[in-house]
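Q: This is the structure I want to talk about, given as structure tokens.
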Amino acid sequence: MHADSPRLNRSQAPRSKPGIVHLGLGAFFRAFGAVYVENAVRISGGDWGIVGVSLQSADTRNRLMPQDFVYTVVTQEPDGGETLHTVEILDDVLVAPEDPEAVLARMSDPAIRIVTLTVTEKGYCHDPATGMLNLAHPDIMHDLENALPKSAPGFLVRALQRRRDAGHPPFTVLTCDNLPENGRLVRRAVLDLAGRIDPGLAEWIGAEGRFPATMVDRITPATKPEDIERLAGKAGYRDEAPVLCEPFRQWVVEDDFVPAYGADARPNLAAAGAEMVADVTPYENMKLRMLNGTHSSLAYLGYLAGHETIADTVADPAFADFVKMLWRDEIIPSFAPPEGVDIQAYADALFDRYSNPSIRHRTWQIAMDGSQKLPQRILGTITDNLDAGRASRGLVLAVAGWMRYVGGIDEKGDPIDVKDPLADKLRERLGTAGSIDRKVESLLAMREIFSSGQAERLATPLAQAYATLCERGARRSVEDVT
Ligand code: CS2
């Protein structure tokens, strides 16, 4: 135990004045966006300190406040080595449910020129199958009636309303979540919500606001208590909120920020290694299908086969062959890669990243919120393959794996802790359906996830895959399709 080590604290380096509010202060943003912004400031200057906002719990704030919001990024190398780096760009952390007024006040300050978001797929309160705002979502219903919001779209809209009323320019909304055309998606949600509150506001946001799309990539497993202890032994100080990540990182950003701020509209992200491009869509497609699509496939099927992490899963030759087959036969043929990208080299690099044994990225963690992830990660690829007359046996098996997983019982008969905003509905549907065909049919009927066309075309192959999974288990089913 290293309880006696001194607590991590801020260095003497000058503190950046806040220019960014970040909604959804999880490990990913702290290991990713914050690192780019800090490097950009170090290289090119500017007032780009970050005020983090937790939309749910006070835990991160409570851990970070006693160490003045400084924390360690622990980069985990494949050979077991770890590089420690302290990040000081975070200025403050607010907890929205405790004090939504304080969050809105910060977001309305004209010194804040960008609001970044990592609120996860479900944080946009949209319908994953269509990308449209879900007006029946309890937080959206609340935010339509109340000036102090709960949801991420609600905070964006109410803060933009205050800025317009005060005569300030809007902030740029920079989403960093793994959603297709994420900039367009958040713009649509904001305009829809704003239009229902005040049509003039929606018009103003539509004309003045900017919502660049981004592709974000860095594998960031959740920090465990033993990581905190290990770090304390190694670093000689105690950090209650370190974040762990792989060495790799890639940020592709559409260079479209609020013009009213001129050269001060954004940090010099390019200097920090971000790729500033005119159109992110091909990069998003590549990343969502190649990385997240196989991540989720390995998560459901690997979990069912008894594998704890992604590295464990791909160390199993059956799954290594399976994931390579997915890339080669089902995913790469389904989309056009960005110009100049060698897609086979990209796949090979992904395999090496997954194999990094130092990264203990649990299949259970990636399996979370599948109802929000499947459309952009897997279903679009399957649909494109069907249209082109190509088979998708592996990806269909992955969807069947998800169906089996959300049933809540693993192959040994033990319960699975299923985390998903639709978990109750999913379990209920599976529980009341009798036969395998009925189970598959009842999940395919969920229009939040599957389009009617997908439901129709997938009913037979999915029922077959689901039956095989129940009969032969995940590992042998994976071998069968490879
Ligand atoms: C993962 C992603 O948890 C998940 O669903 O697939 O968070 C993944 O690790 C990142 O997108 C990598 O950039």
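Labeling convention for the structure tokens: chains A, B, ... as they appear, residues from 1 per chain, ligands from 1 in order of appearance.
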With only C-alpha atoms as the counted atoms, please give the residues lying no more than 8 Å from Pro149 (chain A), apart from itself and same-chain residues fewer than 6 positions off, as a PDB file with N, CA, C and O atoms, in the first residue's frame.
A:
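Okay, this is what ended up in part00.pdb:
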```pdb
ATOM      1  N   PRO A 100     -26.865  22.734 -12.027  1.00  0.00           N
ATOM      2  CA  PRO A 100     -26.968  22.977 -13.476  1.00  0.00           C
ATOM      3  C   PRO A 100     -26.787  24.454 -13.824  1.00  0.00           C
ATOM      4  O   PRO A 100     -26.281  24.783 -14.907  1.00  0.00           O
ATOM      5  N   ASP A 139     -35.319  12.716 -20.256  1.00  0.00           N
ATOM      6  CA  ASP A 139     -34.513  13.933 -20.061  1.00  0.00           C
ATOM      7  C   ASP A 139     -34.885  15.009 -21.086  1.00  0.00           C
ATOM      8  O   ASP A 139     -34.850  16.212 -20.786  1.00  0.00           O
ATOM      9  N   HIS A 142     -38.097  16.523 -19.978  1.00  0.00           N
ATOM     10  CA  HIS A 142     -37.786  17.449 -18.883  1.00  0.00           C
ATOM     11  C   HIS A 142     -37.227  18.767 -19.434  1.00  0.00           C
ATOM     12  O   HIS A 142     -37.638  19.855 -19.039  1.00  0.00           O
ATOM     13  N   ASP A 143     -36.288  18.656 -20.375  1.00  0.00           N
ATOM     14  CA  ASP A 143     -35.587  19.849 -20.864  1.00  0.00           C
ATOM     15  C   ASP A 143     -36.475  20.758 -21.709  1.00  0.00           C
ATOM     16  O   ASP A 143     -36.194  21.956 -21.847  1.00  0.00           O
ATOM     17  N   PHE A 155     -28.354  21.144 -22.342  1.00  0.00           N
ATOM     18  CA  PHE A 155     -27.346  22.128 -21.913  1.00  0.00           C
ATOM     19  C   PHE A 155     -26.856  22.952 -23.101  1.00  0.00           C
ATOM     20  O   PHE A 155     -26.670  24.169 -22.993  1.00  0.00           O
ATOM     21  N   ARG A 158     -29.799  25.460 -24.082  1.00  0.00           N
ATOM     22  CA  ARG A 158     -30.056  26.548 -23.111  1.00  0.00           C
ATOM     23  C   ARG A 158     -28.863  27.496 -23.009  1.00  0.00           C
ATOM     24  O   ARG A 158     -29.035  28.701 -22.821  1.00  0.00           O
TER      25      ARG A 158
END
```
Q: Taking 4 positions as the minimum chain separation for residues in the same chain, which residues sit within 9 Å of region 116-128 of chain A when counting only C-alpha atoms? Answer as a PyMOL selection string.
A: chain A and resi 20-26+28-29+33+55+132-135+137+139-140+151-153+172-179+185-186+189+369+371-376+421+447-450
Q: At most 7 Å is the cut-off: for each residue in chain A with any atom that close to an atom of ligand 1, write down the nearest atom pair and the distance in Å rounded to one decimal, counting only C-alpha atoms and all ligand atoms, chain first then increasing number, as a tab-separated table.
A:
```
residue	atom	partner	partner_atom_place_in_ligand_line	distance
A:Asn178	CA	ligand 1	11 (O)	6.2
A:Val216	CA	ligand 1	13 (O)	6.0
A:Asp217	CA	ligand 1	13 (O)	3.3
A:Arg218	CA	ligand 1	13 (O)	3.9
A:Ile219	CA	ligand 1	9 (O)	4.1
A:Thr220	CA	ligand 1	9 (O)	6.0
A:Leu291	CA	ligand 1	6 (O)	7.0
A:Asn292	CA	ligand 1	6 (O)	4.5
A:His295	CA	ligand 1	6 (O)	5.1
A:Ser296	CA	ligand 1	6 (O)	6.2
A:Gln365	CA	ligand 1	3 (O)	6.0
A:Ile366	CA	ligand 1	3 (O)	3.8
A:Ala367	CA	ligand 1	5 (O)	6.7
```
Q: For Lys287 (chain A), which residue among A:Leu191, A:Val87, A:Met215, A:Val481 is the nearest when counting only C-alpha atoms?
A: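 Among the listed residues, the smallest separation from Lys287 (chain A) belongs to A:Met215.
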Q: For Gln56 (chain A), work out the shell of residues within 8 Å, counting only C-alpha atoms and skipping chain neighbours fewer than 5 positions away, then give it as a PDB file with N, CA and C atoms, in the first residue's frame.
A:
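result-v6.pdb written:
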```
ATOM      1  N   VAL A  95     -20.348  19.462 -11.529  1.00  0.00           N
ATOM      2  CA  VAL A  95     -21.229  18.283 -11.532  1.00  0.00           C
ATOM      3  C   VAL A  95     -22.645  18.773 -11.829  1.00  0.00           C
ATOM      4  N   ALA A  96     -23.109  18.468 -13.046  1.00  0.00           N
ATOM      5  CA  ALA A  96     -24.350  19.078 -13.536  1.00  0.00           C
ATOM      6  C   ALA A  96     -25.563  18.838 -12.619  1.00  0.00           C
ATOM      7  N   PRO A  97     -25.818  17.616 -12.163  1.00  0.00           N
ATOM      8  CA  PRO A  97     -27.023  17.438 -11.337  1.00  0.00           C
ATOM      9  C   PRO A  97     -26.959  18.219 -10.026  1.00  0.00           C
TER      10      PRO A  97
END
```
Q: Determine the nearest neighbour of Gly302 (chain A) from the options A:Ser54, A:Ser477, A:Ser452, A:Ser108, counting only C-alpha atoms.
A: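 When distances to Gly302 (chain A) are compared using only C-alpha atoms, the smallest one comes from A:Ser477.
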Q: Can you list every residue in region 252-287 of chain A that DSSP puts in alpha helix (DSSP H), as a list in words?
A: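 Those in region 252-287 of chain A that DSSP calls alpha helix (DSSP H) are Thr281, Pro282, Tyr283, Glu284, Asn285 and Met286 of chain A.
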Q: For the selection just defined, write its residues with N, CA and C atoms to a file, as a PDB file, in the first residue's frame.
A:
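File written: result-v1.pdb
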```pdb
ATOM      1  N   THR A 281     -16.149  12.187 -42.930  1.00  0.00           N
ATOM      2  CA  THR A 281     -16.993  10.999 -43.118  1.00  0.00           C
ATOM      3  C   THR A 281     -16.213   9.720 -43.491  1.00  0.00           C
ATOM      4  N   PRO A 282     -15.299   9.753 -44.466  1.00  0.00           N
ATOM      5  CA  PRO A 282     -14.606   8.498 -44.786  1.00  0.00           C
ATOM      6  C   PRO A 282     -13.786   7.951 -43.616  1.00  0.00           C
ATOM      7  N   TYR A 283     -13.239   8.838 -42.788  1.00  0.00           N
ATOM      8  CA  TYR A 283     -12.461   8.387 -41.618  1.00  0.00           C
ATOM      9  C   TYR A 283     -13.386   7.781 -40.566  1.00  0.00           C
ATOM     10  N   GLU A 284     -14.555   8.414 -40.380  1.00  0.00           N
ATOM     11  CA  GLU A 284     -15.519   7.899 -39.405  1.00  0.00           C
ATOM     12  C   GLU A 284     -15.998   6.512 -39.800  1.00  0.00           C
ATOM     13  N   ASN A 285     -16.337   6.361 -41.066  1.00  0.00           N
ATOM     14  CA  ASN A 285     -16.786   5.066 -41.576  1.00  0.00           C
ATOM     15  C   ASN A 285     -15.745   3.999 -41.325  1.00  0.00           C
ATOM     16  N   MET A 286     -14.509   4.346 -41.662  1.00  0.00           N
ATOM     17  CA  MET A 286     -13.421   3.382 -41.511  1.00  0.00           C
ATOM     18  C   MET A 286     -13.277   2.975 -40.047  1.00  0.00           C
TER      19      MET A 286
END
```
Q: Could you write out, as a list of chain:residue names, all the residues of region 71-122 of chain A that DSSP marks as strand (DSSP E or B)?
A: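 Checking each residue of region 71-122 of chain A, the strand (DSSP E or B) ones are A:Tyr71, A:Thr72, A:Val73, A:Val74, A:Thr75, A:Gln76, A:Glu82, A:Thr83, A:Leu84, A:His85, A:Thr86, A:Val87, A:Leu90, A:Asp91, A:Asp92, A:Val93, A:Leu94, A:Val95, A:Ile114, A:Val115, A:Thr116, A:Leu117.
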Q: Within 7 Å of region 62-82 of chain A, which residues of region 299-403 of chain A show up? Give each one with its shortest atom-to-atom distance in Å (one decimal) and the two atoms involved, counting only C-alpha atoms, rows by chain then rising residue number, as a Markdown table.
A:
```
| residue | atom | partner | partner_atom | distance |
| --- | --- | --- | --- | --- |
| A:Asn356 | CA | A:Pro78 | CA | 4.7 |
| A:Pro357 | CA | A:Pro78 | CA | 6.0 |
| A:Ser358 | CA | A:Gly80 | CA | 5.6 |
| A:Ile359 | CA | A:Gln76 | CA | 6.6 |
```
Q: Can those selected residues be exported to a file as a PDB file, in the first residue's frame so that it contains C-alpha atoms?
A:
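Just written: out.pdb:
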```pdb
ATOM      1  CA  ASN A 356      -1.388  -5.390 -26.536  1.00  0.00           C
ATOM      2  CA  PRO A 357      -1.405  -7.540 -23.372  1.00  0.00           C
ATOM      3  CA  SER A 358      -0.853  -4.533 -21.088  1.00  0.00           C
ATOM      4  CA  ILE A 359      -4.262  -3.140 -22.049  1.00  0.00           C
TER       5      ILE A 359
END
```
Q: Given only C-alpha atoms as the basis, pick out the residue of A:Leu269, A:Ile310, A:Val280, A:Ala391 nearest to Asp329 (chain A).
A: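 Going through A:Leu269, A:Ile310, A:Val280, A:Ala391 one by one, the smallest distance to Asp329 (chain A) is for A:Ala391.
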Q: Env of Gly206 (chain A): 10 Å cut, atoms = only C-alpha atoms, seq-sep filter 3 positions within chain, self excluded. Answer as a list in words.
A: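 So, after excluding close chain neighbours, the residues are Arg187, Arg188, Val190, Leu191, Ala194, Gly200, Leu201, Ala202, Glu203, Gly209, Arg210 and Phe211 of chain A.
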Q: What's the separation between CA of Leu84 (chain A) and CA of Arg30 (chain A), in Å to one decimal place?
A: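 CA of Leu84 (chain A) sits 13.7 Å away from CA of Arg30 (chain A).
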Q: What's around Pro221 (chain A) at 9 Å? Count only C-alpha atoms, leave out sequence neighbours fewer than 6 positions away in its own chain, and write the answer as a ChimeraX atom specification.
A: /A:27-28,243-246,359-362,365
Q: Produce a file of the selected residues containing C-alpha atoms, as an mmCIF file, in the first residue's frame.
A:
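Done, and the output landed in out.cif:
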```cif
data_model
loop_
_atom_site.group_PDB
_atom_site.id
_atom_site.type_symbol
_atom_site.label_atom_id
_atom_site.label_comp_id
_atom_site.auth_asym_id
_atom_site.auth_seq_id
_atom_site.Cartn_x
_atom_site.Cartn_y
_atom_site.Cartn_z
ATOM 1 C CA ALA A 27 -11.489 8.511 -18.882
ATOM 2 C CA PHE A 28 -11.550 8.684 -22.677
ATOM 3 C CA VAL A 243 -6.306 7.256 -16.772
ATOM 4 C CA LEU A 244 -4.833 4.325 -18.696
ATOM 5 C CA CYS A 245 -4.472 4.123 -22.458
ATOM 6 C CA GLU A 246 -2.640 2.593 -25.394
ATOM 7 C CA ILE A 359 -4.262 -3.140 -22.049
ATOM 8 C CA ARG A 360 -6.837 -4.951 -19.912
ATOM 9 C CA HIS A 361 -9.848 -3.770 -21.887
ATOM 10 C CA ARG A 362 -12.718 -5.881 -20.660
ATOM 11 C CA GLN A 365 -16.935 -2.846 -20.828
#
```
Q: Can you measure CA of Asp279 (chain A) to CA of Thr130 (chain A) for me? One decimal in Å is fine.
A: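 Interatomic distance here is 21.3 Å.
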